[in-house]
Amino acid sequence: AQESRMSMQGSLRATDQGQTAYRSPMKKLFLLLALVTLPSLSQTPLESAVAAYQRGDLPQARSAFMQLSAQGVPAADYNLAVMHLKREMPAASDREALRLMTRAADAGFVTAMIGMAELYELGRAGLKVDLAQSVLWSRRAAEAGSIDAQVDVATAHYLGRGAAKDVALAARWYRLAAQRGDVGAMFITASFYESGEGVERDLAEARYWYAAAARNGEPGADLKVKELDAKLTKPAS
């Protein structure tokens with residue numbers, strides 16, 4: 001497993017990412033694009049606010065998010081935090097960004113949990129770099145169903161980065177992410193079963209996960225399937 005991080009790409013969200021169906025292997029996204037891309041005749045106030053932001057109407061977006069935040073909408077807290085971090089608020093404040101992001105995360109907004117993990121990882125919003133805290137927030141997001149976070153927790157345990165090095169535990173988190181549809185995790189899970197790293201060696205199980213990764217376009221997975229087919233069909237000497 002290799003480390004790879006994507007730089008912050010601040011964007012707003014109208015929905016949470018706890019049930020994301022797919023992510024690229026080993027790539028952490030801090031602020032994902034909002035899932036509001038087309039006009040709708042029945043937009044919620046939150047969706048309308050995100051749409052205002054997307055068309056560049058920052059005053060309207062700010063006003064709408066602040067109203068929703070006052071009503072206790074976690075996604076609005078998250079989006080306001082993003083705007084503070086991007087210096088899109090009249091009096092942008094790292095302290096306020098952290099307060100809002102923390103409140104959204106504590107309210108169960110999974111995207112904000114992932115945001116908190118990266119703030120600690122990179123030392124943003126006035127925080128010191130704290131990999132252990134970053135992994136704790138990733139774990140909360142992973143337990144809440146984020147595939148992104150499940151891969152991040154697996155990687156942390158595999159590398160011993162911000163968490164105890166534990167290949168068996170890493171393998172369990174990678175497999176969970178693979179079962180949820182993460183293609184990179186499928187390939188990594190297959191490699192674990194092929195080598196016996198963190199799990200009992202099982203070439204048939206390895207082939208299963210390589211084939212799943214191949215069906216989803218993972219480069220090199222099809223070659224691994226052929227390689228294991230040859231080993232599995234080779235007569236015992």
# chains A, B, ... in the order shown; residues from 1 in each chain; ligands from 1

$ residues_around --residues "stretch 72-88 of chain A" --least-positions-apart "4" --cutoff "6 Å" --atoms "only C-alpha atoms" --output "list in words"
Leu12, Phe65, Leu68, Ala92, Ser93, Ala97, Leu100, Met101 and Ala104 of chain A

$ write_last_selection --atoms "C-alpha atoms" --output "PDB file, in the first residue's frame"
ATOM      1  CA  LEU A  12     -19.275  22.669  -0.805  1.00  0.00           C
ATOM      2  CA  PHE A  65     -25.771  28.846   4.995  1.00  0.00           C
ATOM      3  CA  LEU A  68     -29.375  27.045   8.039  1.00  0.00           C
ATOM      4  CA  ALA A  92     -12.637  34.627   7.611  1.00  0.00           C
ATOM      5  CA  SER A  93     -11.438  32.875  10.738  1.00  0.00           C
ATOM      6  CA  ALA A  97     -13.834  27.218  10.699  1.00  0.00           C
ATOM      7  CA  LEU A 100     -18.098  24.848  12.717  1.00  0.00           C
ATOM      8  CA  MET A 101     -16.303  21.801  11.318  1.00  0.00           C
ATOM      9  CA  ALA A 104     -20.809  19.354  12.106  1.00  0.00           C
TER      10      ALA A 104
END

$ closest_atom_pairs --of "stretch 122-207 of chain A" --to "stretch 213-233 of chain A" --cutoff "8 Å" --atoms "only C-alpha atoms" --output "JSON lines"
{"residue": "A:Val183", "atom": "CA", "partner": "A:Ala213", "partner_atom": "CA", "distance": 5.4}
{"residue": "A:Gly184", "atom": "CA", "partner": "A:Glu218", "partner_atom": "CA", "distance": 7.2}
{"residue": "A:Met186", "atom": "CA", "partner": "A:Ala213", "partner_atom": "CA", "distance": 5.5}
{"residue": "A:Phe187", "atom": "CA", "partner": "A:Ala213", "partner_atom": "CA", "distance": 5.8}
{"residue": "A:Leu203", "atom": "CA", "partner": "A:Leu228", "partner_atom": "CA", "distance": 7.0}
{"residue": "A:Ala204", "atom": "CA", "partner": "A:Leu232", "partner_atom": "CA", "distance": 7.5}
{"residue": "A:Arg207", "atom": "CA", "partner": "A:Val225", "partner_atom": "CA", "distance": 5.7}

$ write_last_selection --atoms "all heavy atoms" --output "PDB file, in the first residue's frame"
ATOM      1  N   VAL A 183     -12.148   0.021  -5.481  1.00  0.00           N
ATOM      2  CA  VAL A 183     -11.390  -0.811  -6.400  1.00  0.00           C
ATOM      3  C   VAL A 183      -9.947  -0.989  -5.941  1.00  0.00           C
ATOM      4  O   VAL A 183      -9.384  -2.088  -6.021  1.00  0.00           O
ATOM      5  CB  VAL A 183     -11.430  -0.214  -7.824  1.00  0.00           C
ATOM      6  CG1 VAL A 183     -10.653  -1.100  -8.794  1.00  0.00           C
ATOM      7  CG2 VAL A 183     -12.873  -0.075  -8.301  1.00  0.00           C
ATOM      8  N   GLY A 184      -9.329   0.093  -5.465  1.00  0.00           N
ATOM      9  CA  GLY A 184      -7.969  -0.036  -4.965  1.00  0.00           C
ATOM     10  C   GLY A 184      -7.885  -0.996  -3.798  1.00  0.00           C
ATOM     11  O   GLY A 184      -6.947  -1.779  -3.684  1.00  0.00           O
ATOM     12  N   MET A 186      -9.847  -3.491  -3.326  1.00  0.00           N
ATOM     13  CA  MET A 186      -9.994  -4.840  -3.876  1.00  0.00           C
ATOM     14  C   MET A 186      -8.635  -5.402  -4.260  1.00  0.00           C
ATOM     15  O   MET A 186      -8.299  -6.553  -3.945  1.00  0.00           O
ATOM     16  CB  MET A 186     -10.898  -4.813  -5.104  1.00  0.00           C
ATOM     17  CG  MET A 186     -12.340  -4.472  -4.846  1.00  0.00           C
ATOM     18  SD  MET A 186     -13.271  -4.380  -6.409  1.00  0.00           S
ATOM     19  CE  MET A 186     -14.840  -3.705  -5.824  1.00  0.00           C
ATOM     20  N   PHE A 187      -7.837  -4.586  -4.943  1.00  0.00           N
ATOM     21  CA  PHE A 187      -6.517  -5.049  -5.399  1.00  0.00           C
ATOM     22  C   PHE A 187      -5.611  -5.317  -4.205  1.00  0.00           C
ATOM     23  O   PHE A 187      -4.899  -6.329  -4.162  1.00  0.00           O
ATOM     24  CB  PHE A 187      -5.893  -3.991  -6.311  1.00  0.00           C
ATOM     25  CG  PHE A 187      -4.695  -4.479  -7.073  1.00  0.00           C
ATOM     26  CD1 PHE A 187      -4.825  -4.970  -8.360  1.00  0.00           C
ATOM     27  CD2 PHE A 187      -3.428  -4.457  -6.495  1.00  0.00           C
ATOM     28  CE1 PHE A 187      -3.711  -5.434  -9.065  1.00  0.00           C
ATOM     29  CE2 PHE A 187      -2.315  -4.919  -7.186  1.00  0.00           C
ATOM     30  CZ  PHE A 187      -2.463  -5.408  -8.480  1.00  0.00           C
ATOM     31  N   LEU A 203      -5.116 -18.438  -2.350  1.00  0.00           N
ATOM     32  CA  LEU A 203      -5.012 -17.998  -3.739  1.00  0.00           C
ATOM     33  C   LEU A 203      -6.373 -17.885  -4.417  1.00  0.00           C
ATOM     34  O   LEU A 203      -6.576 -17.022  -5.279  1.00  0.00           O
ATOM     35  CB  LEU A 203      -4.114 -18.961  -4.531  1.00  0.00           C
ATOM     36  CG  LEU A 203      -2.639 -18.997  -4.112  1.00  0.00           C
ATOM     37  CD1 LEU A 203      -1.836 -19.882  -5.063  1.00  0.00           C
ATOM     38  CD2 LEU A 203      -2.052 -17.589  -4.070  1.00  0.00           C
ATOM     39  N   ALA A 204      -7.309 -18.732  -4.026  1.00  0.00           N
ATOM     40  CA  ALA A 204      -8.647 -18.638  -4.612  1.00  0.00           C
ATOM     41  C   ALA A 204      -9.311 -17.326  -4.205  1.00  0.00           C
ATOM     42  O   ALA A 204      -9.961 -16.661  -5.028  1.00  0.00           O
ATOM     43  CB  ALA A 204      -9.493 -19.832  -4.176  1.00  0.00           C
ATOM     44  N   ARG A 207      -7.659 -14.575  -6.124  1.00  0.00           N
ATOM     45  CA  ARG A 207      -8.158 -14.488  -7.489  1.00  0.00           C
ATOM     46  C   ARG A 207      -9.515 -13.791  -7.534  1.00  0.00           C
ATOM     47  O   ARG A 207      -9.801 -12.996  -8.443  1.00  0.00           O
ATOM     48  CB  ARG A 207      -8.284 -15.882  -8.118  1.00  0.00           C
ATOM     49  CG  ARG A 207      -8.643 -15.817  -9.598  1.00  0.00           C
ATOM     50  CD  ARG A 207      -9.339 -17.058 -10.119  1.00  0.00           C
ATOM     51  NE  ARG A 207      -9.628 -16.921 -11.535  1.00  0.00           N
ATOM     52  CZ  ARG A 207     -10.652 -16.229 -12.035  1.00  0.00           C
ATOM     53  NH1 ARG A 207     -11.509 -15.603 -11.222  1.00  0.00           N
ATOM     54  NH2 ARG A 207     -10.836 -16.138 -13.351  1.00  0.00           N
TER      55      ARG A 207
END

$ closest_atom_pairs --of "stretch 125-223 of chain A" --to "stretch 115-120 of chain A" --cutoff "10 Å" --atoms "only C-alpha atoms" --output "CSV"
residue,atom,partner,partner_atom,distance
A:Ala125,CA,A:Leu119,CA,6.7
A:Gly126,CA,A:Leu119,CA,8.9
A:Leu127,CA,A:Tyr120,CA,6.4
A:Lys128,CA,A:Tyr120,CA,6.7
A:Val129,CA,A:Tyr120,CA,5.3
A:Asp130,CA,A:Tyr120,CA,5.3
A:Leu131,CA,A:Tyr120,CA,6.5
A:Ala132,CA,A:Tyr120,CA,8.5
A:Gln133,CA,A:Tyr120,CA,6.4
A:Ser134,CA,A:Ala117,CA,4.0
A:Val135,CA,A:Ala117,CA,6.5
A:Leu136,CA,A:Ala117,CA,7.5
A:Trp137,CA,A:Ala117,CA,5.0
A:Ser138,CA,A:Ala117,CA,5.7
A:Arg139,CA,A:Ala117,CA,9.1
A:Arg140,CA,A:Ala117,CA,9.6
A:Ala141,CA,A:Ala117,CA,9.1
A:Ala149,CA,A:Ala117,CA,9.1
A:Asp152,CA,A:Ala117,CA,9.8

$ select_by_dssp --residues "stretch 62-215 of chain A" --states "alpha helix (DSSP H)" --output "NGL selection string"
:A and (62-70 or 74-85 or 94-106 or 110-122 or 131-143 or 147-159 or 167-179 or 183-195 or 203-215)

$ write_last_selection --atoms "C-alpha atoms" --output "short mmCIF file (atom, residue, chain, number, x, y, z; two decimals), in the first residue's frame"
data_model
loop_
_atom_site.label_atom_id
_atom_site.label_comp_id
_atom_site.auth_asym_id
_atom_site.auth_seq_id
_atom_site.Cartn_x
_atom_site.Cartn_y
_atom_site.Cartn_z
CA ARG A 62 -23.25 32.90 2.87
CA SER A 63 -26.60 34.25 3.98
CA ALA A 64 -28.41 31.00 3.29
CA PHE A 65 -25.77 28.85 5.00
CA MET A 66 -25.77 31.10 8.06
CA GLN A 67 -29.55 30.82 8.35
CA LEU A 68 -29.38 27.04 8.04
CA SER A 69 -26.48 26.88 10.50
CA ALA A 70 -28.58 28.80 13.03
CA PRO A 74 -24.72 20.17 10.10
CA ALA A 75 -24.11 20.45 6.34
CA ALA A 76 -24.48 24.21 6.60
CA ASP A 77 -21.90 24.30 9.41
CA TYR A 78 -19.56 22.26 7.24
CA ASN A 79 -20.02 24.49 4.21
CA LEU A 80 -19.48 27.64 6.23
CA ALA A 81 -16.30 26.08 7.63
CA VAL A 82 -15.13 25.47 4.08
CA MET A 83 -15.83 29.08 3.15
CA HIS A 84 -13.84 30.27 6.16
CA LEU A 85 -10.91 28.05 5.17
CA ASP A 94 -9.58 29.61 11.24
CA ARG A 95 -11.00 29.44 14.75
CA GLU A 96 -14.56 29.74 13.44
CA ALA A 97 -13.83 27.22 10.70
CA LEU A 98 -12.64 24.74 13.30
CA ARG A 99 -15.64 25.39 15.56
CA LEU A 100 -18.10 24.85 12.72
CA MET A 101 -16.30 21.80 11.32
CA THR A 102 -16.13 20.23 14.78
CA ARG A 103 -19.82 20.92 15.42
CA ALA A 104 -20.81 19.35 12.11
CA ALA A 105 -18.63 16.31 12.78
CA ASP A 106 -19.95 15.87 16.31
CA VAL A 110 -19.41 12.17 8.03
CA THR A 111 -17.85 14.54 5.51
CA ALA A 112 -16.97 16.87 8.38
CA MET A 113 -15.34 13.98 10.25
CA ILE A 114 -13.12 13.44 7.22
CA GLY A 115 -12.49 17.17 7.11
CA MET A 116 -11.39 17.12 10.75
CA ALA A 117 -9.04 14.23 9.99
CA GLU A 118 -7.32 16.24 7.30
CA LEU A 119 -7.15 19.41 9.35
CA TYR A 120 -5.18 17.45 11.95
CA GLU A 121 -3.13 15.66 9.33
CA LEU A 122 -2.03 18.88 7.62
CA LEU A 131 -1.58 12.16 13.09
CA ALA A 132 -3.09 10.25 16.00
CA GLN A 133 -6.02 12.68 16.17
CA SER A 134 -6.34 12.53 12.41
CA VAL A 135 -6.70 8.75 12.53
CA LEU A 136 -9.21 8.98 15.38
CA TRP A 137 -11.44 11.19 13.22
CA SER A 138 -10.93 8.90 10.23
CA ARG A 139 -11.95 5.95 12.39
CA ARG A 140 -15.15 7.72 13.42
CA ALA A 141 -15.94 8.35 9.78
CA ALA A 142 -15.05 4.78 8.86
CA GLU A 143 -17.31 3.38 11.54
CA ILE A 147 -15.34 4.11 2.37
CA ASP A 148 -12.75 6.87 2.04
CA ALA A 149 -12.13 6.75 5.76
CA GLN A 150 -12.06 2.94 5.86
CA VAL A 151 -9.19 3.00 3.38
CA ASP A 152 -7.46 5.77 5.33
CA VAL A 153 -7.68 3.81 8.59
CA ALA A 154 -6.40 0.70 6.83
CA THR A 155 -3.47 2.65 5.42
CA ALA A 156 -2.68 4.18 8.81
CA HIS A 157 -2.44 0.72 10.38
CA TYR A 158 -0.51 -0.70 7.44
CA LEU A 159 2.09 2.05 7.60
CA VAL A 167 -1.21 -5.49 9.18
CA ALA A 168 -4.01 -7.85 10.20
CA LEU A 169 -6.19 -4.90 11.25
CA ALA A 170 -5.25 -3.07 8.06
CA ALA A 171 -6.31 -6.10 6.05
CA ARG A 172 -9.70 -6.14 7.77
CA TRP A 173 -10.34 -2.46 6.97
CA TYR A 174 -9.16 -2.87 3.37
CA ARG A 175 -11.45 -5.86 2.93
CA LEU A 176 -14.38 -3.91 4.33
CA ALA A 177 -13.70 -1.11 1.86
CA ALA A 178 -13.35 -3.66 -0.93
CA GLN A 179 -16.70 -5.18 -0.03
CA VAL A 183 -11.39 -0.81 -6.40
CA GLY A 184 -7.97 -0.04 -4.96
CA ALA A 185 -8.91 -1.86 -1.78
CA MET A 186 -9.99 -4.84 -3.88
CA PHE A 187 -6.52 -5.05 -5.40
CA ILE A 188 -4.79 -4.61 -2.04
CA THR A 189 -7.03 -7.25 -0.44
CA ALA A 190 -6.17 -9.62 -3.27
CA SER A 191 -2.46 -9.01 -2.77
CA PHE A 192 -2.79 -9.75 0.94
CA TYR A 193 -4.48 -13.07 0.25
CA GLU A 194 -1.89 -13.88 -2.42
CA SER A 195 1.05 -13.22 -0.11
CA LEU A 203 -5.01 -18.00 -3.74
CA ALA A 204 -8.65 -18.64 -4.61
CA GLU A 205 -9.71 -15.68 -2.50
CA ALA A 206 -6.91 -13.61 -4.01
CA ARG A 207 -8.16 -14.49 -7.49
CA TYR A 208 -11.69 -13.47 -6.52
CA TRP A 209 -10.58 -9.99 -5.47
CA TYR A 210 -8.22 -9.53 -8.42
CA ALA A 211 -11.11 -10.43 -10.73
CA ALA A 212 -13.38 -7.97 -8.96
CA ALA A 213 -10.73 -5.25 -9.35
CA ALA A 214 -10.25 -6.16 -13.01
CA ARG A 215 -13.98 -5.89 -13.70
#

$ atom_distance --atom1 "atom CA of A:Arg55" --atom2 "atom CA of A:Pro90"
18.5 Å

$ atom_distance --atom1 "atom CA of A:Glu197" --atom2 "atom CA of A:Lys234"
23.1 Å
